[in-house]
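Below: the structure, in structure tokens.
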Amino acid sequence: MGLEEAVPVSVASPGLDGSWEFKRVGGADTGGVISPSLDNANGCKTLKEVYRLRRGGYDGRSTVPMLWDKDSKDVICNESYDIIQLFNSGLNGLARNPGLDLSPPELKEKIEEWYRVIYPNVNNGVYRCGFAQSQEAYDRAVNDLFCTLDKLEDHLANSRYLCGDTLTLVDICLFTTLIRFDLAYNVLFKCTKKKLYEYPNLHAYMRDIYQIPKVCSYLQFSRNYGWPHGRESLSSPPTPVFVK
């Protein structure tokens, strides 16, 4: 879309007290890699401070991602799928490449069908596994997750992307979970039944999207993965869960 200049990015990192905080990591020059940074829009130290700038204030949960209107000092949206839909077509007047459409009219129905499968079972499914508070809930989440991965593996045997030969928004949604699967979700979130590399079609699909220009530069895992932290404590729940 070419929105880098119109929509600058500030990256919050998880703090030890459970909040999201802004601080530069590793110096100013990151070589084009998206890394934890200062709040370039408001100069706040934590995301909670940003939310409190809203008219009337705010004391609820401060979640990411969040799209912020600097002029009105308000949250435009803090739901991932709604944000990428807005980026896809709602800001074409600011985009350098407004002709790029990852949700073309002829594929909208298929995109929504796949999203209704992927979001509850994969995107949210890994969290359902990691934070399950009972054996029954964990077993159900694991079954939903890996049955869906099996379904996707079979589908991608004969299709480059989910909706054929065209990359769409739902591929972006799936990619964000797949790229973190073996590194984070497989162990920390107790999704241990299989690793992604054991799914040859899914793994190749993930690598295909990863190699699209600029995708790699927007990925950064050096600090926030591989160990529990304050934002999402992954210690065992009160009821023992037998991991599959």
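Numbering starts fresh at 1 for the residues of each chain in the structure tokens, the chains themselves are lettered A, B, ... in the order given, and ligands are numbered from 1 as they appear.
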Skip A:Gly60 itself and residues of its chain fewer than 3 positions away, then list as an mmCIF file with N, CA and C atoms, in the first residue's frame all residues within 10 Å of it, counting only C-alpha atoms.
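File written: around_3.cif
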data_model
loop_
_atom_site.group_PDB
_atom_site.id
_atom_site.type_symbol
_atom_site.label_atom_id
_atom_site.label_comp_id
_atom_site.auth_asym_id
_atom_site.auth_seq_id
_atom_site.Cartn_x
_atom_site.Cartn_y
_atom_site.Cartn_z
ATOM 1 N N LYS A 48 -0.428 2.565 28.217
ATOM 2 C CA LYS A 48 -1.523 2.997 29.089
ATOM 3 C C LYS A 48 -1.615 4.516 29.121
ATOM 4 N N TYR A 51 -3.435 5.625 25.956
ATOM 5 C CA TYR A 51 -4.884 5.422 26.061
ATOM 6 C C TYR A 51 -5.519 6.492 26.951
ATOM 7 N N ARG A 52 -4.822 6.907 27.993
ATOM 8 C CA ARG A 52 -5.376 7.898 28.911
ATOM 9 C C ARG A 52 -5.447 9.296 28.311
ATOM 10 N N GLY A 57 -10.396 10.337 29.281
ATOM 11 C CA GLY A 57 -9.483 9.380 29.901
ATOM 12 C C GLY A 57 -9.875 7.944 29.626
ATOM 13 N N THR A 63 -4.344 -2.460 24.944
ATOM 14 C CA THR A 63 -3.960 -3.590 24.105
ATOM 15 C C THR A 63 -3.291 -3.138 22.807
#
Write out as a PyMOL selection string which residues come within 7 Å of A:Cys191 when counting only C-alpha atoms, dropping same-chain ones fewer than 6 positions away.
chain A and resi 126+129+142+185
Take the selection from the previous step and output its residues with N, CA, C and O atoms, as an mmCIF file, in the first residue's frame.
data_model
loop_
_atom_site.group_PDB
_atom_site.id
_atom_site.type_symbol
_atom_site.label_atom_id
_atom_site.label_comp_id
_atom_site.auth_asym_id
_atom_site.auth_seq_id
_atom_site.Cartn_x
_atom_site.Cartn_y
_atom_site.Cartn_z
ATOM 1 N N VAL A 126 -4.072 -20.631 19.286
ATOM 2 C CA VAL A 126 -2.824 -20.833 20.025
ATOM 3 C C VAL A 126 -2.924 -20.250 21.435
ATOM 4 O O VAL A 126 -2.357 -20.799 22.389
ATOM 5 N N CYS A 129 -4.969 -22.527 23.654
ATOM 6 C CA CYS A 129 -4.130 -23.613 24.178
ATOM 7 C C CYS A 129 -3.274 -23.114 25.341
ATOM 8 O O CYS A 129 -3.227 -23.720 26.409
ATOM 9 N N VAL A 142 -6.560 -27.645 21.447
ATOM 10 C CA VAL A 142 -5.531 -28.362 20.689
ATOM 11 C C VAL A 142 -6.147 -29.086 19.505
ATOM 12 O O VAL A 142 -5.604 -29.058 18.386
ATOM 13 N N TYR A 185 4.786 -20.372 19.956
ATOM 14 C CA TYR A 185 3.559 -21.067 20.322
ATOM 15 C C TYR A 185 3.756 -22.551 20.588
ATOM 16 O O TYR A 185 3.102 -23.123 21.459
#
At most 8 Å is the cut-off: for each residue in stretch 38-95 of chain A with any atom that close to an atom of stretch 4-27 of chain A, write down the nearest atom pair and the distance in Å rounded to one decimal, counting only C-alpha atoms, chain first then increasing number, as JSON lines.
{"residue": "A:Leu38", "atom": "CA", "partner": "A:Phe22", "partner_atom": "CA", "distance": 4.8}
{"residue": "A:Asp39", "atom": "CA", "partner": "A:Ser10", "partner_atom": "CA", "distance": 5.4}
{"residue": "A:Asn40", "atom": "CA", "partner": "A:Ser10", "partner_atom": "CA", "distance": 6.0}
{"residue": "A:Ala41", "atom": "CA", "partner": "A:Ser10", "partner_atom": "CA", "distance": 7.7}
{"residue": "A:Cys44", "atom": "CA", "partner": "A:Phe22", "partner_atom": "CA", "distance": 7.3}
{"residue": "A:Lys45", "atom": "CA", "partner": "A:Phe22", "partner_atom": "CA", "distance": 5.2}
{"residue": "A:Thr46", "atom": "CA", "partner": "A:Glu21", "partner_atom": "CA", "distance": 4.0}
{"residue": "A:Leu47", "atom": "CA", "partner": "A:Trp20", "partner_atom": "CA", "distance": 5.4}
{"residue": "A:Lys48", "atom": "CA", "partner": "A:Trp20", "partner_atom": "CA", "distance": 7.4}
{"residue": "A:Ser62", "atom": "CA", "partner": "A:Trp20", "partner_atom": "CA", "distance": 7.8}
{"residue": "A:Leu94", "atom": "CA", "partner": "A:Ala6", "partner_atom": "CA", "distance": 6.2}
{"residue": "A:Ala95", "atom": "CA", "partner": "A:Ala6", "partner_atom": "CA", "distance": 7.3}
I need the helix (DSSP H, G or I) residues of stretch 35-74 of chain A per DSSP on the backbone, written as a list in words.
Leu47, Lys48, Glu49, Val50 and Tyr51 of chain A
Compile the contact shell of stretch 172-184 of chain A as a PyMOL selection string: residues with an atom at most 8 Å away, counting only C-alpha atoms, same-chain residues fewer than 5 positions apart removed.
chain A and resi 81+115+118-119+122-123+189+195-197+206+209+225-226
Dump all heavy atoms for the selected residues as a short mmCIF file (atom, residue, chain, number, x, y, z; two decimals), in the first residue's frame?
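Okay, part_23.cif is ready:
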data_model
loop_
_atom_site.label_atom_id
_atom_site.label_comp_id
_atom_site.auth_asym_id
_atom_site.auth_seq_id
_atom_site.Cartn_x
_atom_site.Cartn_y
_atom_site.Cartn_z
N TYR A 81 -7.69 -7.35 12.58
CA TYR A 81 -8.29 -7.54 11.26
C TYR A 81 -8.92 -6.26 10.76
O TYR A 81 -8.84 -5.94 9.57
CB TYR A 81 -9.31 -8.67 11.32
CG TYR A 81 -9.76 -9.15 9.96
CD1 TYR A 81 -8.84 -9.57 9.00
CD2 TYR A 81 -11.12 -9.18 9.63
CE1 TYR A 81 -9.25 -10.01 7.75
CE2 TYR A 81 -11.54 -9.62 8.38
CZ TYR A 81 -10.60 -10.04 7.45
OH TYR A 81 -11.00 -10.47 6.21
N TYR A 115 -11.37 -16.64 6.91
CA TYR A 115 -11.11 -15.93 8.17
C TYR A 115 -11.94 -16.52 9.31
O TYR A 115 -11.46 -16.63 10.44
CB TYR A 115 -11.42 -14.44 8.02
CG TYR A 115 -11.09 -13.65 9.27
CD1 TYR A 115 -9.77 -13.43 9.65
CD2 TYR A 115 -12.10 -13.15 10.08
CE1 TYR A 115 -9.46 -12.73 10.80
CE2 TYR A 115 -11.80 -12.45 11.24
CZ TYR A 115 -10.49 -12.25 11.59
OH TYR A 115 -10.19 -11.55 12.74
N ILE A 118 -9.89 -19.53 10.32
CA ILE A 118 -8.54 -19.29 10.83
C ILE A 118 -8.52 -18.54 12.16
O ILE A 118 -7.76 -18.90 13.06
CB ILE A 118 -7.71 -18.54 9.77
CG1 ILE A 118 -7.39 -19.49 8.61
CG2 ILE A 118 -6.42 -17.97 10.35
CD1 ILE A 118 -6.85 -18.79 7.40
N TYR A 119 -9.34 -17.51 12.29
CA TYR A 119 -9.25 -16.70 13.51
C TYR A 119 -9.53 -17.52 14.78
O TYR A 119 -8.69 -17.55 15.70
CB TYR A 119 -10.15 -15.47 13.46
CG TYR A 119 -10.08 -14.73 14.78
CD1 TYR A 119 -8.97 -13.96 15.09
CD2 TYR A 119 -11.08 -14.88 15.74
CE1 TYR A 119 -8.86 -13.33 16.33
CE2 TYR A 119 -10.98 -14.25 16.97
CZ TYR A 119 -9.87 -13.48 17.25
OH TYR A 119 -9.76 -12.88 18.48
N VAL A 122 -6.87 -20.88 14.77
CA VAL A 122 -5.41 -20.72 14.64
C VAL A 122 -4.94 -19.44 15.32
O VAL A 122 -4.20 -19.49 16.30
CB VAL A 122 -4.97 -20.74 13.16
CG1 VAL A 122 -3.45 -20.60 13.06
CG2 VAL A 122 -5.42 -22.04 12.49
N ASN A 123 -5.36 -18.27 14.81
CA ASN A 123 -4.91 -17.01 15.40
C ASN A 123 -5.21 -16.95 16.90
O ASN A 123 -4.32 -16.68 17.71
CB ASN A 123 -5.59 -15.82 14.72
CG ASN A 123 -5.25 -15.68 13.25
OD1 ASN A 123 -6.09 -15.33 12.44
ND2 ASN A 123 -4.01 -15.95 12.88
N PHE A 189 3.21 -21.87 24.43
CA PHE A 189 1.75 -21.91 24.46
C PHE A 189 1.21 -23.34 24.39
O PHE A 189 0.04 -23.55 24.15
CB PHE A 189 1.19 -21.06 23.32
CG PHE A 189 1.36 -19.59 23.52
CD1 PHE A 189 2.59 -18.99 23.39
CD2 PHE A 189 0.28 -18.78 23.87
CE1 PHE A 189 2.76 -17.62 23.58
CE2 PHE A 189 0.42 -17.43 24.06
CZ PHE A 189 1.67 -16.83 23.93
N LYS A 195 5.33 -29.51 15.03
CA LYS A 195 5.93 -28.24 14.66
C LYS A 195 5.51 -27.88 13.24
O LYS A 195 5.12 -28.74 12.46
CB LYS A 195 7.46 -28.33 14.75
CG LYS A 195 8.00 -28.38 16.18
CD LYS A 195 9.51 -28.37 16.19
CE LYS A 195 10.07 -28.34 17.60
NZ LYS A 195 9.77 -27.06 18.28
N LEU A 196 5.62 -26.61 12.93
CA LEU A 196 5.18 -26.16 11.61
C LEU A 196 5.99 -26.82 10.50
O LEU A 196 5.44 -27.16 9.44
CB LEU A 196 5.27 -24.63 11.50
CG LEU A 196 4.71 -24.07 10.19
CD1 LEU A 196 3.20 -24.26 10.13
CD2 LEU A 196 5.07 -22.61 10.02
N TYR A 197 7.29 -27.03 10.72
CA TYR A 197 8.10 -27.60 9.65
C TYR A 197 7.70 -29.04 9.33
O TYR A 197 8.11 -29.59 8.30
CB TYR A 197 9.60 -27.51 9.98
CG TYR A 197 10.10 -28.43 11.07
CD1 TYR A 197 10.28 -29.79 10.83
CD2 TYR A 197 10.42 -27.94 12.33
CE1 TYR A 197 10.76 -30.64 11.81
CE2 TYR A 197 10.89 -28.77 13.32
CZ TYR A 197 11.06 -30.12 13.06
OH TYR A 197 11.53 -30.95 14.06
N MET A 206 4.47 -20.43 4.22
CA MET A 206 5.00 -19.39 5.10
C MET A 206 6.28 -18.80 4.52
O MET A 206 6.46 -17.57 4.50
CB MET A 206 5.28 -19.97 6.49
CG MET A 206 5.83 -18.96 7.48
SD MET A 206 6.58 -19.73 8.92
CE MET A 206 8.08 -20.43 8.20
N ILE A 209 5.57 -16.34 1.57
CA ILE A 209 5.14 -15.00 1.99
C ILE A 209 6.30 -14.25 2.64
O ILE A 209 6.47 -13.04 2.42
CB ILE A 209 3.94 -15.10 2.96
CG1 ILE A 209 2.74 -15.74 2.24
CG2 ILE A 209 3.56 -13.73 3.51
CD1 ILE A 209 1.54 -15.99 3.13
N TYR A 225 10.37 -13.08 22.45
CA TYR A 225 9.95 -14.46 22.33
C TYR A 225 10.99 -15.38 22.92
O TYR A 225 12.16 -15.08 22.98
CB TYR A 225 9.71 -14.80 20.85
CG TYR A 225 8.42 -14.23 20.36
CD1 TYR A 225 8.41 -12.98 19.75
CD2 TYR A 225 7.22 -14.89 20.53
CE1 TYR A 225 7.22 -12.42 19.30
CE2 TYR A 225 6.04 -14.34 20.10
CZ TYR A 225 6.04 -13.11 19.48
OH TYR A 225 4.87 -12.57 19.06
N GLY A 226 10.48 -16.55 23.34
CA GLY A 226 11.37 -17.56 23.87
C GLY A 226 11.43 -17.63 25.38
O GLY A 226 12.07 -18.49 25.95
#
Here is a test: counting only C-alpha atoms, which residue of A:Ser80, A:Asp59, A:Gly99, A:Pro105 is nearest to A:Asn124?
A:Ser80
Write out as a ChimeraX atom specification the set of residues from stretch 58-101 of chain A that DSSP, computed on the backbone, places in strand (DSSP E).
/A:67-69,74-77
Please provide the set of residues having any atom within 9 Å of A:Ala157, restricted to only C-alpha atoms, with same-chain residues fewer than 2 positions apart removed, written as an MDAnalysis selection string.
chainID A and resid 152:155 159:160 200:202
Which residues are close to A:Ile76, i.e. within 8 Å by only C-alpha atoms, leaving aside same-chain residues fewer than 4 positions away? Reply as a ChimeraX atom specification.
/A:66-69
Long-range neighbours of A:Trp114 as a PDB file with all heavy atoms, in the first residue's frame, 9 Å cut-off, only C-alpha atoms, 5 positions minimum in chain:
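Contents of out_22.pdb, as written:
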ATOM      1  N   GLU A 109     -15.899 -13.050  -0.491  1.00  0.00           N
ATOM      2  CA  GLU A 109     -16.640 -14.129   0.163  1.00  0.00           C
ATOM      3  C   GLU A 109     -15.698 -15.236   0.612  1.00  0.00           C
ATOM      4  O   GLU A 109     -15.801 -15.736   1.746  1.00  0.00           O
ATOM      5  CB  GLU A 109     -17.701 -14.695  -0.787  1.00  0.00           C
ATOM      6  CG  GLU A 109     -18.606 -15.725  -0.123  1.00  0.00           C
ATOM      7  CD  GLU A 109     -19.736 -16.180  -1.037  1.00  0.00           C
ATOM      8  OE1 GLU A 109     -19.997 -15.499  -2.059  1.00  0.00           O
ATOM      9  OE2 GLU A 109     -20.357 -17.222  -0.727  1.00  0.00           O
ATOM     10  N   TYR A 119      -9.345 -17.505  12.286  1.00  0.00           N
ATOM     11  CA  TYR A 119      -9.248 -16.704  13.512  1.00  0.00           C
ATOM     12  C   TYR A 119      -9.532 -17.515  14.784  1.00  0.00           C
ATOM     13  O   TYR A 119      -8.689 -17.547  15.698  1.00  0.00           O
ATOM     14  CB  TYR A 119     -10.153 -15.475  13.462  1.00  0.00           C
ATOM     15  CG  TYR A 119     -10.084 -14.733  14.775  1.00  0.00           C
ATOM     16  CD1 TYR A 119      -8.969 -13.958  15.095  1.00  0.00           C
ATOM     17  CD2 TYR A 119     -11.078 -14.877  15.736  1.00  0.00           C
ATOM     18  CE1 TYR A 119      -8.857 -13.331  16.326  1.00  0.00           C
ATOM     19  CE2 TYR A 119     -10.976 -14.251  16.966  1.00  0.00           C
ATOM     20  CZ  TYR A 119      -9.873 -13.484  17.251  1.00  0.00           C
ATOM     21  OH  TYR A 119      -9.761 -12.879  18.482  1.00  0.00           O
ATOM     22  N   LEU A 162      -4.416 -19.116   0.049  1.00  0.00           N
ATOM     23  CA  LEU A 162      -5.691 -19.655   0.512  1.00  0.00           C
ATOM     24  C   LEU A 162      -6.799 -19.474  -0.520  1.00  0.00           C
ATOM     25  O   LEU A 162      -7.685 -20.309  -0.634  1.00  0.00           O
ATOM     26  CB  LEU A 162      -6.093 -19.002   1.832  1.00  0.00           C
ATOM     27  CG  LEU A 162      -5.198 -19.350   3.024  1.00  0.00           C
ATOM     28  CD1 LEU A 162      -5.635 -18.600   4.274  1.00  0.00           C
ATOM     29  CD2 LEU A 162      -5.212 -20.857   3.292  1.00  0.00           C
ATOM     30  N   CYS A 163      -6.760 -18.368  -1.266  1.00  0.00           N
ATOM     31  CA  CYS A 163      -7.804 -18.080  -2.248  1.00  0.00           C
ATOM     32  C   CYS A 163      -7.297 -18.248  -3.675  1.00  0.00           C
ATOM     33  O   CYS A 163      -7.718 -17.534  -4.590  1.00  0.00           O
ATOM     34  CB  CYS A 163      -8.353 -16.670  -2.036  1.00  0.00           C
ATOM     35  SG  CYS A 163      -9.145 -16.431  -0.426  1.00  0.00           S
ATOM     36  N   VAL A 170      -6.476 -12.552   4.214  1.00  0.00           N
ATOM     37  CA  VAL A 170      -6.557 -13.722   5.094  1.00  0.00           C
ATOM     38  C   VAL A 170      -5.225 -14.473   5.117  1.00  0.00           C
ATOM     39  O   VAL A 170      -4.882 -15.114   6.124  1.00  0.00           O
ATOM     40  CB  VAL A 170      -7.736 -14.633   4.675  1.00  0.00           C
ATOM     41  CG1 VAL A 170      -7.436 -15.412   3.414  1.00  0.00           C
ATOM     42  CG2 VAL A 170      -8.137 -15.557   5.823  1.00  0.00           C
TER      43      VAL A 170
END
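Taking atom CA of A:Asn186 as the reference point, atom CA of A:Asn158 is found at 26.0 Å.
Restricting the calculation to only C-alpha atoms, the smallest distance between A:Asp82 and any of A:Leu219, A:Ile212, A:Leu169, A:Leu145 is found for A:Leu169.
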